[in-house]
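my_file_5.txt, holding compact mmCIF, C-alpha atoms and all ligand atoms:
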# COMPACT_ATOMS: atom_id res chain seq x y z
CA MET N 1 123.49 -94.34 -120.28
CA ARG N 2 122.90 -94.78 -116.59
CA VAL N 3 119.31 -95.20 -115.56
CA LEU N 4 118.39 -92.73 -112.85
CA PRO N 5 115.94 -93.89 -110.18
CA LYS N 6 113.13 -91.45 -109.70
CA ASP N 7 111.05 -90.49 -106.75
CA VAL N 8 107.82 -89.33 -108.27
CA GLN N 9 105.70 -87.13 -106.11
CA MET N 10 102.37 -86.13 -107.49
CA LEU N 11 101.04 -83.34 -105.38
CA ARG N 12 98.09 -81.69 -107.03
CA THR N 13 96.41 -78.44 -106.21
CA CYS N 14 93.64 -78.21 -103.72
CA GLY N 15 91.38 -75.48 -104.98
CA THR N 16 88.89 -74.83 -102.20
CA ALA N 17 89.25 -71.76 -100.07
CA LEU N 18 90.36 -73.94 -97.20
CA CYS N 19 92.98 -75.68 -99.28
CA ALA N 20 94.05 -72.50 -101.01
CA LEU N 21 94.65 -70.83 -97.69
CA SER N 22 96.03 -73.63 -95.61
CA LEU N 23 97.65 -76.07 -97.95
CA ILE N 24 99.02 -73.88 -100.67
CA ALA N 25 102.59 -74.63 -99.73
CA ALA N 26 101.98 -78.35 -99.84
CA CYS N 27 100.01 -78.49 -103.08
CA ALA N 28 101.26 -78.37 -106.65
CA ALA N 29 98.94 -78.33 -109.64
CA ASP N 30 101.83 -79.35 -111.69
CA PRO N 31 103.25 -82.55 -110.23
CA VAL N 32 106.86 -82.55 -109.18
CA VAL N 33 109.46 -85.18 -109.92
CA THR N 34 112.49 -85.34 -107.72
CA HIS N 35 115.55 -86.87 -109.32
CA GLU N 36 119.06 -87.55 -108.18
CA PRO N 37 121.52 -84.66 -107.99
CA GLU N 38 122.73 -82.91 -111.09
CA GLN N 39 125.37 -84.09 -113.52
CA GLN N 40 127.10 -82.17 -116.27
CA VAL N 41 125.04 -81.54 -119.36
CA GLN N 42 126.26 -83.60 -122.26
CA VAL N 43 125.07 -83.37 -125.82
CA ARG N 44 125.25 -86.47 -127.90
CA PRO N 45 125.37 -86.70 -131.68
CA ALA N 46 122.40 -88.08 -133.54
CA ASP N 47 123.78 -91.59 -133.75
CA GLY N 48 124.83 -91.80 -130.11
CA GLU N 49 123.40 -94.06 -127.46
CA GLY N 50 119.96 -93.39 -126.17
CA GLN N 51 118.21 -94.43 -129.34
CA ALA N 52 115.16 -96.57 -129.22
CA THR N 53 112.68 -97.64 -131.81
CA GLU N 54 109.04 -97.56 -130.87
CA PRO N 55 107.34 -100.86 -131.61
CA ARG N 56 104.86 -100.95 -134.44
CA VAL N 57 101.43 -101.76 -133.20
CA GLY N 58 98.21 -102.65 -134.94
CA PRO N 59 95.24 -100.47 -135.74
CA SER N 60 92.77 -99.36 -133.14
CA ASN N 61 89.86 -101.58 -132.15
CA GLY N 62 87.79 -98.48 -131.48
CA GLN N 63 88.34 -98.42 -127.71
CA PRO N 64 89.65 -95.25 -126.05
CA VAL N 65 93.26 -95.07 -125.00
CA GLU N 66 92.11 -94.05 -121.52
CA THR N 67 90.84 -97.03 -119.54
CA ALA N 68 90.81 -95.65 -115.98
CA PRO N 69 87.44 -94.56 -114.57
CA PRO N 70 86.66 -90.82 -114.56
CA ASN N 71 86.98 -88.85 -111.33
CA VAL N 72 83.62 -87.19 -111.94
CA PRO N 73 81.45 -89.84 -113.63
CA GLU N 74 78.29 -87.75 -113.23
CA PHE N 75 79.68 -85.16 -115.65
CA LYS N 76 78.83 -86.27 -119.18
CA PRO N 77 80.37 -84.90 -122.39
CA ALA N 78 78.45 -82.24 -124.28
CA PHE N 79 78.99 -84.15 -127.55
CA ALA N 80 80.18 -87.62 -128.44
CA GLU N 81 83.75 -86.75 -129.45
CA GLN N 82 84.50 -84.51 -126.46
CA THR N 83 86.43 -87.10 -124.45
CA ARG N 84 87.88 -90.64 -124.68
CA ALA N 85 88.42 -90.68 -128.43
CA PRO N 86 89.24 -94.08 -129.94
CA ALA N 87 92.88 -95.12 -129.69
CA VAL N 88 95.01 -94.67 -132.79
CA HIS N 89 98.50 -96.04 -133.37
CA THR N 90 101.38 -94.46 -135.25
CA GLN N 91 102.44 -96.80 -138.05
CA THR N 92 105.66 -95.01 -139.00
CA PRO N 93 108.61 -96.48 -137.05
CA PHE N 94 110.56 -93.76 -135.32
CA LYS N 95 113.59 -93.47 -133.13
CA VAL N 96 114.23 -91.40 -130.04
CA THR N 97 117.64 -89.77 -129.72
CA GLU N 98 118.81 -88.30 -126.45
CA LEU N 99 120.61 -85.07 -127.33
CA ALA N 100 121.18 -83.74 -123.81
CA HIS N 101 120.54 -84.76 -120.26
CA ASP N 102 120.99 -83.07 -116.88
CA LEU N 103 119.05 -80.02 -117.93
CA ASP N 104 117.74 -78.37 -114.77
CA ASN N 105 113.96 -77.99 -114.92
CA PRO N 106 113.84 -76.93 -118.58
CA TRP N 107 110.62 -75.29 -119.79
CA GLY N 108 110.89 -73.48 -123.12
CA ILE N 109 112.72 -74.19 -126.35
CA ALA N 110 113.23 -72.19 -129.53
CA PHE N 111 115.38 -72.92 -132.58
CA LEU N 112 117.65 -70.26 -134.00
CA PRO N 113 117.97 -69.96 -137.76
CA GLY N 114 120.92 -71.96 -138.95
CA ALA N 115 122.15 -73.86 -135.94
CA GLY N 116 121.52 -73.78 -132.26
CA VAL N 117 118.62 -73.84 -129.91
CA PHE N 118 117.61 -71.79 -126.88
CA ILE N 119 116.46 -73.72 -123.83
CA THR N 120 115.19 -72.08 -120.65
CA GLU N 121 115.82 -73.50 -117.20
CA LYS N 122 112.86 -72.52 -115.08
CA ILE N 123 113.92 -72.44 -111.44
CA ALA N 124 117.50 -71.21 -111.95
CA GLY N 125 116.31 -68.61 -114.46
CA ARG N 126 118.95 -69.57 -117.00
CA LEU N 127 118.77 -69.25 -120.77
CA LEU N 128 121.00 -71.83 -122.46
CA LEU N 129 122.28 -71.78 -126.01
CA ALA N 130 122.77 -75.38 -127.11
CA SER N 131 123.94 -76.87 -130.34
CA LEU N 132 122.78 -80.26 -131.57
CA ASP N 133 126.24 -81.47 -132.58
CA GLY N 134 127.79 -82.48 -129.28
CA ALA N 135 129.00 -79.17 -127.85
CA LYS N 136 128.23 -78.25 -124.26
CA PRO N 137 125.42 -75.68 -123.87
CA VAL N 138 126.47 -72.21 -122.79
CA GLU N 139 124.57 -69.78 -120.61
CA VAL N 140 123.31 -66.58 -122.20
CA GLN N 141 124.02 -63.48 -120.09
CA GLY N 142 121.59 -60.64 -119.47
CA VAL N 143 118.45 -62.57 -118.48
CA PRO N 144 116.24 -60.68 -115.99
CA ARG N 145 116.04 -61.82 -112.39
CA VAL N 146 113.15 -64.24 -111.92
CA ALA N 147 111.04 -65.51 -109.02
CA GLY N 148 112.19 -69.09 -109.47
CA ALA N 149 110.30 -71.43 -107.17
CA ASP N 150 107.75 -74.20 -107.69
CA GLN N 151 106.03 -73.46 -111.04
CA GLY N 152 107.70 -70.08 -111.33
CA GLY N 153 110.92 -68.84 -112.86
CA LEU N 154 112.04 -68.45 -116.46
CA LEU N 155 109.44 -70.05 -118.74
CA ASP N 156 109.10 -69.61 -122.48
CA VAL N 157 111.48 -68.32 -125.13
CA ALA N 158 110.38 -67.18 -128.60
CA LEU N 159 112.14 -65.49 -131.47
CA SER N 160 110.63 -62.41 -133.05
CA PRO N 161 109.18 -63.21 -136.50
CA ASP N 162 111.75 -60.76 -137.92
CA TYR N 163 114.59 -62.30 -135.90
CA ALA N 164 116.83 -62.64 -138.97
CA THR N 165 117.14 -58.87 -139.12
CA SER N 166 116.27 -57.80 -135.55
CA GLN N 167 117.81 -60.60 -133.41
CA LEU N 168 114.99 -59.93 -130.94
CA VAL N 169 114.20 -62.64 -128.40
CA TYR N 170 111.17 -62.76 -126.08
CA LEU N 171 111.19 -64.41 -122.66
CA SER N 172 108.31 -65.00 -120.24
CA TYR N 173 109.02 -65.25 -116.54
CA TYR N 174 107.70 -64.85 -113.02
CA GLU N 175 108.77 -61.30 -112.25
CA PRO N 176 109.62 -60.59 -108.59
CA ARG N 177 107.54 -57.63 -107.42
CA GLU N 178 106.58 -55.80 -104.28
CA GLY N 179 103.89 -57.97 -102.71
CA GLY N 180 104.57 -61.08 -104.77
CA ASN N 181 105.14 -61.67 -108.45
CA GLY N 182 103.46 -61.71 -111.81
CA LEU N 183 104.15 -62.97 -115.29
CA ALA N 184 106.19 -60.58 -117.38
CA VAL N 185 107.52 -60.72 -120.93
CA VAL N 186 110.83 -59.12 -121.80
CA ARG N 187 112.28 -58.59 -125.21
CA ALA N 188 115.98 -58.18 -125.82
CA ARG N 189 118.50 -58.33 -128.65
CA PHE N 190 120.60 -61.47 -128.79
CA VAL N 191 124.28 -60.98 -129.39
CA ALA N 192 126.30 -64.09 -130.25
CA GLY N 193 129.78 -64.20 -128.83
CA THR N 194 131.75 -65.30 -125.80
CA PRO N 195 129.74 -65.23 -123.75
CA PRO N 196 126.51 -64.87 -125.72
CA LYS N 197 124.29 -62.19 -124.21
CA LEU N 198 121.04 -60.29 -124.30
CA GLU N 199 121.18 -56.53 -124.51
CA ARG N 200 118.74 -53.62 -124.54
CA ALA N 201 116.22 -55.67 -122.53
CA ARG N 202 112.81 -54.07 -122.16
CA VAL N 203 109.70 -55.46 -120.48
CA VAL N 204 106.81 -55.39 -122.98
CA PHE N 205 104.10 -56.97 -120.81
CA ARG N 206 103.31 -57.20 -117.10
CA MET N 207 100.38 -59.29 -115.91
CA GLN N 208 98.20 -57.43 -113.40
CA PRO N 209 97.46 -57.66 -110.55
CA THR N 210 100.50 -58.83 -108.60
CA LEU N 211 99.73 -61.76 -106.30
CA ASP N 212 101.81 -63.77 -103.88
CA SER N 213 101.63 -67.20 -105.53
CA THR N 214 104.14 -69.60 -107.04
CA LYS N 215 101.62 -71.17 -109.42
CA HIS N 216 99.35 -70.80 -112.44
CA ALA N 217 100.77 -67.83 -114.30
CA GLY N 218 100.60 -69.48 -117.74
CA GLY N 219 103.57 -68.24 -119.75
CA ARG N 220 103.38 -69.61 -123.30
CA LEU N 221 104.35 -67.19 -126.10
CA VAL N 222 102.95 -67.56 -129.63
CA PHE N 223 103.55 -65.11 -132.46
CA ALA N 224 100.79 -64.81 -135.04
CA PRO N 225 101.65 -64.24 -138.72
CA ASP N 226 100.37 -60.65 -138.44
CA GLY N 227 103.11 -60.00 -135.89
CA ALA N 228 100.89 -59.93 -132.80
CA LEU N 229 102.04 -61.88 -129.75
CA PHE N 230 99.70 -64.13 -127.77
CA ILE N 231 100.64 -64.63 -124.12
CA THR N 232 98.83 -67.30 -122.12
CA LEU N 233 98.17 -66.56 -118.47
CA GLY N 234 96.66 -68.34 -115.46
CA GLU N 235 94.68 -67.56 -112.33
CA ARG N 236 97.48 -68.10 -109.77
CA SER N 237 95.79 -71.12 -108.13
CA ILE N 238 94.86 -69.24 -104.94
CA LEU N 239 91.19 -68.35 -104.46
CA GLN N 240 91.91 -64.62 -104.65
CA GLY N 241 93.11 -65.17 -108.22
CA ARG N 242 90.64 -67.83 -109.23
CA VAL N 243 87.69 -65.49 -108.76
CA GLN N 244 89.28 -63.07 -111.26
CA ALA N 245 89.50 -65.55 -114.14
CA ARG N 246 86.35 -64.18 -115.81
CA ASP N 247 86.84 -60.59 -114.64
CA LEU N 248 87.74 -58.27 -117.51
CA ALA N 249 89.45 -55.85 -115.12
CA SER N 250 92.13 -58.47 -114.38
CA ASP N 251 94.70 -60.27 -116.52
CA LEU N 252 94.45 -63.40 -114.39
CA GLY N 253 93.01 -66.42 -116.20
CA LYS N 254 93.27 -64.73 -119.60
CA ILE N 255 94.99 -65.03 -122.93
CA VAL N 256 96.26 -61.62 -123.98
CA ARG N 257 97.36 -60.26 -127.35
CA ILE N 258 99.91 -57.48 -127.70
CA LEU N 259 102.05 -55.99 -130.44
CA PRO N 260 105.77 -56.81 -130.42
CA ASP N 261 106.66 -53.44 -128.89
CA GLY N 262 104.20 -53.92 -126.03
CA THR N 263 101.44 -51.70 -127.34
CA ILE N 264 97.90 -53.04 -127.57
CA PRO N 265 96.31 -53.85 -130.94
CA LYS N 266 93.31 -51.62 -131.60
CA ASP N 267 91.29 -54.58 -132.90
CA ASN N 268 91.43 -56.56 -129.65
CA PRO N 269 87.92 -57.67 -128.61
CA PHE N 270 87.63 -55.54 -125.46
CA SER N 271 89.75 -52.56 -126.49
CA ALA N 272 86.72 -50.26 -126.53
CA ARG N 273 84.94 -51.62 -123.43
CA ALA N 274 85.02 -49.40 -120.36
CA GLY N 275 86.63 -51.10 -117.38
CA ALA N 276 88.13 -53.93 -119.41
CA ARG N 277 91.86 -54.44 -119.82
CA PRO N 278 92.42 -53.90 -123.57
CA GLU N 279 95.07 -56.61 -123.92
CA ILE N 280 92.55 -59.39 -123.11
CA TYR N 281 91.84 -61.73 -126.01
CA SER N 282 89.95 -64.54 -124.24
CA LEU N 283 88.94 -65.24 -120.64
CA GLY N 284 87.88 -67.93 -118.20
CA HIS N 285 91.08 -69.99 -118.24
CA ARG N 286 92.64 -71.87 -115.33
CA ASN N 287 96.27 -72.23 -116.43
CA VAL N 288 97.27 -72.43 -120.07
CA LEU N 289 100.75 -73.85 -120.66
CA GLY N 290 100.25 -75.17 -124.20
CA ALA N 291 99.37 -73.04 -127.22
CA ALA N 292 99.90 -73.32 -130.97
CA LEU N 293 98.56 -72.07 -134.28
CA ASP N 294 97.05 -74.49 -136.79
CA ALA N 295 97.39 -74.40 -140.58
CA GLN N 296 94.64 -71.77 -140.71
CA ASN N 297 96.47 -69.72 -138.04
CA ARG N 298 93.79 -70.40 -135.44
CA LEU N 299 94.98 -70.49 -131.84
CA TRP N 300 94.52 -73.74 -129.92
CA VAL N 301 95.42 -74.20 -126.28
CA ALA N 302 95.94 -77.08 -123.89
CA GLU N 303 94.74 -76.04 -120.48
CA MET N 304 95.77 -77.53 -117.13
CA GLY N 305 92.55 -78.34 -115.30
CA PRO N 306 91.70 -79.46 -111.79
CA ARG N 307 91.32 -83.19 -111.06
CA GLY N 308 89.57 -84.56 -114.11
CA GLY N 309 89.34 -81.32 -116.06
CA ASP N 310 92.21 -80.84 -118.53
CA GLU N 311 90.96 -79.19 -121.72
CA LEU N 312 91.78 -78.58 -125.37
CA ASN N 313 90.25 -75.28 -126.49
CA LEU N 314 89.98 -73.48 -129.81
CA ILE N 315 90.43 -69.81 -128.96
CA GLN N 316 88.24 -67.16 -130.50
CA PRO N 317 88.55 -63.46 -129.67
CA GLY N 318 86.34 -62.24 -126.86
CA LYS N 319 85.08 -65.69 -125.85
CA ASP N 320 84.74 -66.89 -122.27
CA TYR N 321 86.04 -70.40 -121.62
CA GLY N 322 84.19 -70.70 -118.35
CA TRP N 323 86.68 -71.34 -115.56
CA PRO N 324 85.79 -71.52 -112.70
CA THR N 325 82.04 -71.46 -113.44
CA ILE N 326 81.89 -74.56 -115.64
CA GLY N 327 84.20 -77.49 -116.26
CA TYR N 328 84.51 -81.26 -116.12
CA GLY N 329 86.75 -81.71 -113.08
CA GLU N 330 86.62 -81.35 -109.32
CA GLU N 331 88.83 -80.13 -106.48
CA TYR N 332 91.68 -82.37 -105.43
CA SER N 333 89.83 -82.70 -102.15
CA GLY N 334 86.94 -84.26 -104.10
CA GLU N 335 84.76 -81.22 -103.51
CA ARG N 336 82.66 -79.75 -106.26
CA ILE N 337 83.89 -76.71 -108.18
CA HIS N 338 81.18 -76.49 -110.81
CA GLN N 339 77.41 -76.85 -110.56
CA SER N 340 77.33 -77.74 -114.21
CA THR N 341 79.49 -78.52 -117.20
CA GLN N 342 77.62 -76.07 -119.43
CA ALA N 343 76.22 -72.55 -119.21
CA PRO N 344 74.89 -70.06 -121.77
CA GLY N 345 77.60 -67.83 -123.20
CA LEU N 346 80.44 -70.03 -121.99
CA GLU N 347 82.52 -72.04 -124.44
CA GLN N 348 82.80 -75.81 -124.40
CA PRO N 349 86.23 -77.42 -124.70
CA VAL N 350 86.82 -79.25 -127.96
CA TYR N 351 88.13 -82.12 -125.84
CA TYR N 352 88.71 -82.90 -122.19
CA TRP N 353 90.56 -85.50 -120.13
CA ASP N 354 89.26 -87.18 -116.99
CA PRO N 355 91.58 -88.53 -115.59
CA VAL N 356 93.93 -85.73 -116.50
CA ILE N 357 97.09 -85.80 -118.63
CA SER N 358 98.55 -82.57 -117.12
CA PRO N 359 99.32 -80.79 -120.39
CA GLY N 360 102.54 -78.85 -120.83
CA ALA N 361 103.38 -77.60 -124.31
CA LEU N 362 101.21 -78.10 -127.40
CA THR N 363 102.49 -78.27 -130.95
CA ILE N 364 100.59 -78.90 -134.17
CA TYR N 365 102.68 -80.91 -136.61
CA SER N 366 103.03 -79.32 -140.03
CA ALA N 367 106.22 -80.78 -141.53
CA ASP N 368 106.84 -83.47 -144.15
CA LEU N 369 109.24 -85.69 -142.20
CA PHE N 370 106.32 -87.65 -140.69
CA PRO N 371 103.57 -87.52 -143.34
CA GLU N 372 101.39 -89.65 -141.09
CA TRP N 373 101.47 -86.95 -138.38
CA LYS N 374 100.63 -83.94 -140.53
CA GLY N 375 98.01 -81.82 -138.79
CA ASN N 376 98.13 -83.91 -135.61
CA PHE N 377 98.28 -82.27 -132.18
CA PHE N 378 101.09 -83.25 -129.81
CA ILE N 379 100.88 -82.42 -126.12
CA ALA N 380 103.66 -82.89 -123.57
CA GLY N 381 102.05 -84.86 -120.74
CA LEU N 382 103.41 -84.35 -117.21
CA SER N 383 101.50 -86.60 -114.79
CA SER N 384 100.46 -88.83 -117.71
CA GLN N 385 104.16 -89.39 -118.55
CA ALA N 386 103.29 -89.51 -122.22
CA LEU N 387 103.55 -87.60 -125.44
CA VAL N 388 99.86 -87.30 -126.24
CA ARG N 389 98.94 -87.35 -129.93
CA LEU N 390 95.51 -86.24 -131.10
CA VAL N 391 94.02 -86.72 -134.54
CA LEU N 392 91.41 -84.11 -135.41
CA LYS N 393 88.83 -84.00 -138.16
CA ALA N 394 86.53 -81.00 -138.67
CA ASP N 395 87.64 -79.63 -135.27
CA ARG N 396 86.67 -82.81 -133.45
CA VAL N 397 89.13 -85.24 -131.88
CA VAL N 398 88.74 -88.57 -133.66
CA GLY N 399 91.80 -90.37 -132.29
CA GLU N 400 94.17 -90.30 -129.33
CA GLU N 401 97.53 -91.95 -128.78
CA ARG N 402 99.95 -91.99 -125.85
CA LEU N 403 103.53 -92.19 -127.09
CA LEU N 404 106.81 -92.77 -125.20
CA THR N 405 105.01 -94.22 -122.17
CA SER N 406 107.66 -96.93 -121.71
CA ARG N 407 110.18 -94.21 -120.80
CA LYS N 408 108.26 -93.37 -117.60
CA GLU N 409 109.19 -89.70 -117.91
CA ARG N 410 107.22 -86.52 -117.42
CA PHE N 411 107.22 -84.41 -120.59
CA ARG N 412 107.37 -80.64 -120.24
CA SER N 413 107.67 -79.46 -123.80
CA VAL N 414 107.25 -80.58 -127.39
CA VAL N 415 108.14 -78.53 -130.45
CA GLN N 416 108.65 -79.15 -134.14
CA GLY N 417 112.25 -78.62 -135.23
CA PRO N 418 113.25 -76.86 -138.43
CA GLU N 419 113.86 -80.15 -140.25
CA GLY N 420 110.51 -81.61 -139.19
CA ALA N 421 111.65 -83.75 -136.27
CA LEU N 422 109.83 -83.46 -132.96
CA TYR N 423 111.94 -82.25 -130.03
CA LEU N 424 110.91 -82.88 -126.46
CA LEU N 425 112.02 -81.71 -123.04
CA THR N 426 111.43 -83.95 -120.08
CA ASP N 427 110.67 -82.39 -116.70
CA GLY N 428 112.52 -81.90 -113.46
CA SER N 429 116.21 -81.87 -112.68
CA ASN N 430 118.37 -84.18 -114.82
CA ALA N 431 115.90 -83.53 -117.62
CA LYS N 432 116.56 -84.49 -121.22
CA LEU N 433 116.32 -83.06 -124.69
CA LEU N 434 114.99 -85.77 -127.01
CA ARG N 435 114.53 -85.89 -130.77
CA LEU N 436 112.04 -88.06 -132.63
CA THR N 437 112.93 -88.93 -136.22
CA PRO N 438 111.74 -91.63 -138.65
CA CA E 1 86.87 -74.29 -119.87

Let me see whether you can do it: turn the structure in this file into structure tokens.
Amino acid sequence: MRVLPKDVQMLRTCGTALCALSLIAACAADPVVTHEPEQQVQVRPADGEGQATEPRVGPSNGQPVETAPPNVPEFKPAFAEQTRAPAVHTQTPFKVTELAHDLDNPWGIAFLPGAGVFITEKIAGRLLLASLDGAKPVEVQGVPRVAGADQGGLLDVALSPDYATSQLVYLSYYEPREGGNGLAVVRARFVAGTPPKLERARVVFRMQPTLDSTKHAGGRLVFAPDGALFITLGERSILQGRVQARDLASDLGKIVRILPDGTIPKDNPFSARAGARPEIYSLGHRNVLGAALDAQNRLWVAEMGPRGGDELNLIQPGKDYGWPTIGYGEEYSGERIHQSTQAPGLEQPVYYWDPVISPGALTIYSADLFPEWKGNFFIAGLSSQALVRLVLKADRVVGEERLLTSRKERFRSVVQGPEGALYLLTDGSNAKLLRLTP
């Protein structure tokens, strides 16, 4: 395979009012990689080129994997395990297989029962149906028009829990609206065929209010076993949105919980509170791109922070996760955002990163293919150019590992495949679909 030179530009958000107003076009919370022009997508069989075996390395000496100094050294963790956990090292040899390359800014991935996988392409607003056996991916027709620029466009794809009988697919996207855009979730019935298509599309959620921003709308979709759908949102990066992150009258900076038909569950935490939007499940978030359920069906999220403030949070209904009042980071200008890292009534992150990793997707490994990884958290790292592995014990992070760093690629997504392999999407144009197997 040809090695593509990369021009990595890391432009991070400036969050002050001045930056938000004057530099918004030049800032990106979610660093951008510019690659060479597109090539045709090719899918390679499992034994094709592109394999690599990660070297086996010895056990940890107790030092953290992060060795760079923090951006905000005066902010101290609230408890010992809250940051810079000791390094751990995967002992199981594994190989990395490149299944596709030249994906155009892929974001979401979902496996169909049987064979095939859906992959979204963010900016172009395309939904691809790919097989893992060498066939070229095909575009699914009937996807709504998206506001595809910067961090916006077509984001996540999830199958309804009853997909086997309903064929219902859910997509999150930046919906173009009068006065700007907002995250929306559409559900539609997938019809296989030539071409494959979505039909009977209906929007089941619209984030309010509409703002004119190309950033921080969240977008991760997670179905709970009871059938409810969690949708992660963000505060749009601009100051006008940031100040709404803890406001119960706004969806910005929230995680919401809806029923599959778009109605609101009656047992949501604020469903009976006057003036509160009933779909809100938790509040005080900056931009949540990673979310997953653990073995006890508890919702965990990886949250994109400012400089020095990425967080792992355990989500409980009705809780306030503090953004922008508390946190561990600072503006990209170096200015203060938070007076303090703690405040009464505001939740502490289970873990934070300073310097940041820039978390994309989060998955919690539950399969048998890698017994060593069972229960571990995997986060797709963008600016960190790593697959971040966390080992937790009693809801504390006791080990951290950075995998695939030698590839020098930004990772957008990580998901567990049906057979227990980990599948990853890299970021940007000419992006790849990778599979990790023992
Ligand atoms: Ca927080």

Counting all atoms listed in the file, what is within 8 Å of range 102-113 of chain N, bar same-chain residues fewer than 4 positions away, as JSON, numbers by chain? {"N": [38, 39, 40, 41, 42, 117, 118, 119, 120, 121, 122, 123, 124, 154, 155, 156, 157, 158, 159, 164, 412, 413, 415, 417, 418, 425, 426, 427, 428, 429, 430, 431, 432, 433]}

From the list N:Ala421, N:Arg410, N:Val350, N:Leu403, which residue is nearest ligand CA 1 (chain E) when using all atoms listed in the file? N:Val350

Show me, as CSV, the residues of chain N having an atom within 9 Å of ligand CA 1 (chain E), each with the closest atom pair and its distance in Å, using all atoms listed in the file.
residue,atom,partner,partner_atom,distance
N:Gly284,CA,E:CA1,CA,6.7
N:His285,CA,E:CA1,CA,6.2
N:Arg286,CA,E:CA1,CA,7.7
N:Glu303,CA,E:CA1,CA,8.1
N:Gly305,CA,E:CA1,CA,8.3
N:Gly309,CA,E:CA1,CA,8.4
N:Asp310,CA,E:CA1,CA,8.6
N:Glu311,CA,E:CA1,CA,6.6
N:Leu312,CA,E:CA1,CA,8.5
N:Asn313,CA,E:CA1,CA,7.5
N:Asp320,CA,E:CA1,CA,8.1
N:Tyr321,CA,E:CA1,CA,4.3
N:Gly322,CA,E:CA1,CA,4.7
N:Trp323,CA,E:CA1,CA,5.2
N:Pro324,CA,E:CA1,CA,7.8
N:Thr325,CA,E:CA1,CA,8.5
N:Ile326,CA,E:CA1,CA,6.5
N:Gly327,CA,E:CA1,CA,5.5
N:Tyr328,CA,E:CA1,CA,8.3
N:Thr341,CA,E:CA1,CA,8.9
N:Leu346,CA,E:CA1,CA,8.0
N:Glu347,CA,E:CA1,CA,6.7
N:Gln348,CA,E:CA1,CA,6.3
N:Pro349,CA,E:CA1,CA,5.8

Which residue out of N:Ala85, N:Tyr281, N:Phe411, N:Val72 has the minimum interatomic distance to Glu335 in chain N when all atoms listed in the file are used?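 Answer, going by the shortest atom-to-atom distance: N:Val72.
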
What gap, in Å, lies between CA of Leu129 in chain N and CA of Trp373 in chain N?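 Taking CA of Leu129 in chain N and CA of Trp373 in chain N, their separation equals 28.6 Å.
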
What separation in Å, quoted to one decimal, exists between CA of Arg298 in chain N and CA of Arg242 in chain N?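 Atom-to-atom, CA of Arg298 in chain N and CA of Arg242 in chain N are spaced 26.5 Å apart.
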
With a distance cut-off of 12 Å and all atoms listed in the file, select the neighbouring residues of Arg187 in chain N, excluding the residue or stretch itself and same-chain residues fewer than 5 positions from it, and output the selection as a PyMOL selection string. chain N and resi 142-144+156-160+163+166-173+198-205+221+229+259-262

Counting only C-alpha atoms, find residues at most 6 Å from (88.8, -89.2, -128.9) (file frame) and give them as a list in words.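 Applying the cut-off with only C-alpha atoms, one gets Glu81, Thr83, Arg84, Ala85, Pro86, Val397, Val398, Gly399 and Glu400 of chain N.
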
Counting all atoms listed in the file, the residue among N:Val65, N:Ile255, N:Ala188, N:Val414 that lies closest to Arg402 in chain N is N:Val65

Set the distance at 12 Å and use all atoms listed in the file: which residues neighbour Pro359 in chain N once local chain neighbours fewer than 6 positions away are removed? I'd like the list as number ranges by chain. N: 29-31, 218, 287-291, 301-306, 309-312, 352-353, 377-389, 410-414

State, in Å with one decimal place, the distance from CA of Ala80 in chain N to CA of Asn297 in chain N.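 Value for the CA of Ala80 in chain N-CA of Asn297 in chain N distance: 26.0 Å.
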
Looking at N:Pro371, N:Pro70, N:Gly182, N:Gly227, which one is nearest to Arg206 in chain N, with distances taken over all atoms listed in the file?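 Ranking N:Pro371, N:Pro70, N:Gly182, N:Gly227 by distance to Arg206 in chain N, first place goes to N:Gly182.
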
Applying 7 Å and only C-alpha atoms, which residues near Thr210 in chain N remain after dropping the ones on its own chain fewer than 5 positions away? List them as a list in words.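 Returned residues: Gly179, Gly180, Asn181 and Gly182 of chain N.
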